[in-house]
Amino acid sequence: MGIFVDKDTKTIVQGITGTQGSFHTRLMLDYGTQIVAGVTPGKGRTQVHGVSVYDTVDEAVKKQEANASIIFVPAPFAADAAFEALDAGLKTIVIITEHVAVRDVIQVMARAKKQGATVIGPNTPGIITPSECKLGIMPAHIFRRGIVGVASRSGTLTYEIASGLSAVGLGQSTCLGLGGDPVVGLSFVDVLREFEEDEQTKAVVLIGEIGGNLEELAAEFISAEGYSKPVAAFVAGRTAPRGKRMGHAGAIIMGKAGTAQSKIDAFMEAGVMVAEKPSDVARLLAKRLKKKGIFTGGMSGT
């Protein structure tokens with residue numbers, strides 16, 4: 001079944017008439033995602049790939065039974081788009097847009113928390129529950145339905161590690177990108193809690209990077225709560241110089257905090273399997289799951 005999205009998720013696309021919104025709507029429809037409406041102010045009463053477009057989210061929700069939104073609008077307008085989705089009562093919102101102003105994101109997250117909504121992103125590749133629903137821009141063909149939950153701060157590393165898991169026969173329950181901006185809606189701890197309750201998920205992969213303390217907090221949670229499912233992790237940025245931003249807005253080491261080594265040490269102290277290379281994640285996890293009798297496939301040597 002996976003977490004946050006499944007075959008019953010009905011989604012509107014905010015910014016559906018833009019280049020990215022239109023392109024990825026086509027791919028999400030092809031995957032089988034229920035895209036029930038699009039929204040672009042001033043473009044109401046038109047269609048994109050057979051999907052009806054409305055001027056407002058409120059109008060779209062009243063005409064269609066949506067419960068989620070994916071946002072493809074430019075950064076200066078992303079917060080207003082998220083507020084509109086929240087005001088319309090949508091409970092799952094995926095913000096693909098990158099570099100949204102920190103002040104705007106903080107206000108969106110405060111409103112979402114008050115209304116009990118989940119925001120994934122901003123600056124996320126999205127979320128996929130294989131064979132059920134894809135809300136994002138990830139290449140769908142690398143994912144396979146299975147038992148491993150994946151949460152990541154990096155889109156491309158998500159694709160690489162998910163592809164490795166699929167190659168050894170370890171499919172995924174749900175894969176999601178937390179987002180690469182300094183402030184995002186979900187933490188690793190939030191996702192670990194969801195995977196703990198999900199019956200389909202038998203193991204978890206966390207893909208971290210330098211900057212912030214999400215990985216250290218996840219390690220503390222795993223240790224303190226006695227997390228019941230095997231967890232493997234990869235942390236990007238082992239050779240990153242201090243004070244230099246590495247790709248994502250949130251990936252920067254300041255002083256002694258947020259280094260790859262501090263995160264690796266925290267994970268290892270919590271009993272998490274830490275891979276040196278992305279390609280090692282599938283091997284480590286397959287080996288652990290074989291020992292527990294959960295998995296019988298895998299590559300030679302696992």
# chains A, B, ... in the order shown; residues from 1 in each chain; ligands from 1
>>> residues_around(residues="A:Ala162", least_positions_apart="4", cutoff="12 Å", atoms="only C-alpha atoms", output="count of residues only")
43
>>> atom_distance(atom1="atom CA of A:Leu186", atom2="atom CA of A:Phe221")
14.6 Å
>>> closest_atom_pairs(of="stretch 70-116 of chain A", to="stretch 46-61 of chain A", cutoff="8 Å", atoms="only C-alpha atoms", output="CSV")
residue,atom,partner,partner_atom,distance
A:Glu84,CA,A:Val57,CA,6.4
A:Ala85,CA,A:Val57,CA,6.2
A:Asp87,CA,A:Asp58,CA,7.9
A:Ala88,CA,A:Asp58,CA,5.2
>>> write_last_selection(atoms="N, CA and C atoms", output="CSV table (one decimal), in the first residue's frame")
chain,number,residue,atom,x,y,z
A,84,GLU,N,-3.5,28.1,-1.5
A,84,GLU,CA,-4.8,27.8,-2.2
A,84,GLU,C,-5.2,26.4,-2.0
A,85,ALA,N,-4.2,25.5,-2.2
A,85,ALA,CA,-4.5,24.1,-2.0
A,85,ALA,C,-4.9,23.7,-0.6
A,87,ASP,N,-6.3,25.8,1.6
A,87,ASP,CA,-7.6,26.5,1.8
A,87,ASP,C,-8.7,25.6,1.2
A,88,ALA,N,-8.4,24.9,0.2
A,88,ALA,CA,-9.4,24.0,-0.5
A,88,ALA,C,-9.6,22.7,0.2
>>> closest_residue(among="A:Pro125, A:Gly42, A:Gly271, A:Gly212", to="A:Leu178", atoms="only C-alpha atoms")
A:Pro125
>>> select_by_dssp(residues="stretch 57-285 of chain A", states="strand (DSSP E)", output="VMD selection string")
chain A and resid 68 to 71 92 to 95 118 to 120 126 to 129 133 to 136 145 to 152 172 to 177 203 to 209 231 to 236 273 to 275
>>> select_by_dssp(residues="stretch 82-223 of chain A", states="helix (DSSP H, G or I)", output="PyMOL selection string")
chain A and resi 82-87+102-115+140-142+155-167+188-197+214-223
>>> residues_around(residues="A:Glu65", least_positions_apart="3", cutoff="12 Å", atoms="only C-alpha atoms", output="PyMOL selection string")
chain A and resi 8-12+34-37+57-62+68-69+88-90
>>> atom_distance(atom1="atom CA of A:Phe295", atom2="atom CA of A:Arg153")
26.5 Å
>>> residues_around(residues="A:Ala260", least_positions_apart="5", cutoff="6 Å", atoms="only C-alpha atoms", output="list in words")
Ile210, Gly237 and Arg238 of chain A
>>> closest_residue(among="A:Ser131, A:Ile95, A:Phe267, A:Lys202", to="A:Ile294", atoms="only C-alpha atoms")
A:Lys202
>>> closest_residue(among="A:Leu285, A:Glu225, A:Glu216, A:Phe83", to="A:Met268", atoms="only C-alpha atoms")
A:Glu216
>>> residues_around(residues="stretch 30-32 of chain A", least_positions_apart="5", cutoff="9 Å", atoms="only C-alpha atoms", output="PyMOL selection string")
chain A and resi 7+25+131-134+140
>>> atom_distance(atom1="atom CA of A:Gly38", atom2="atom CA of A:Thr17")
8.0 Å
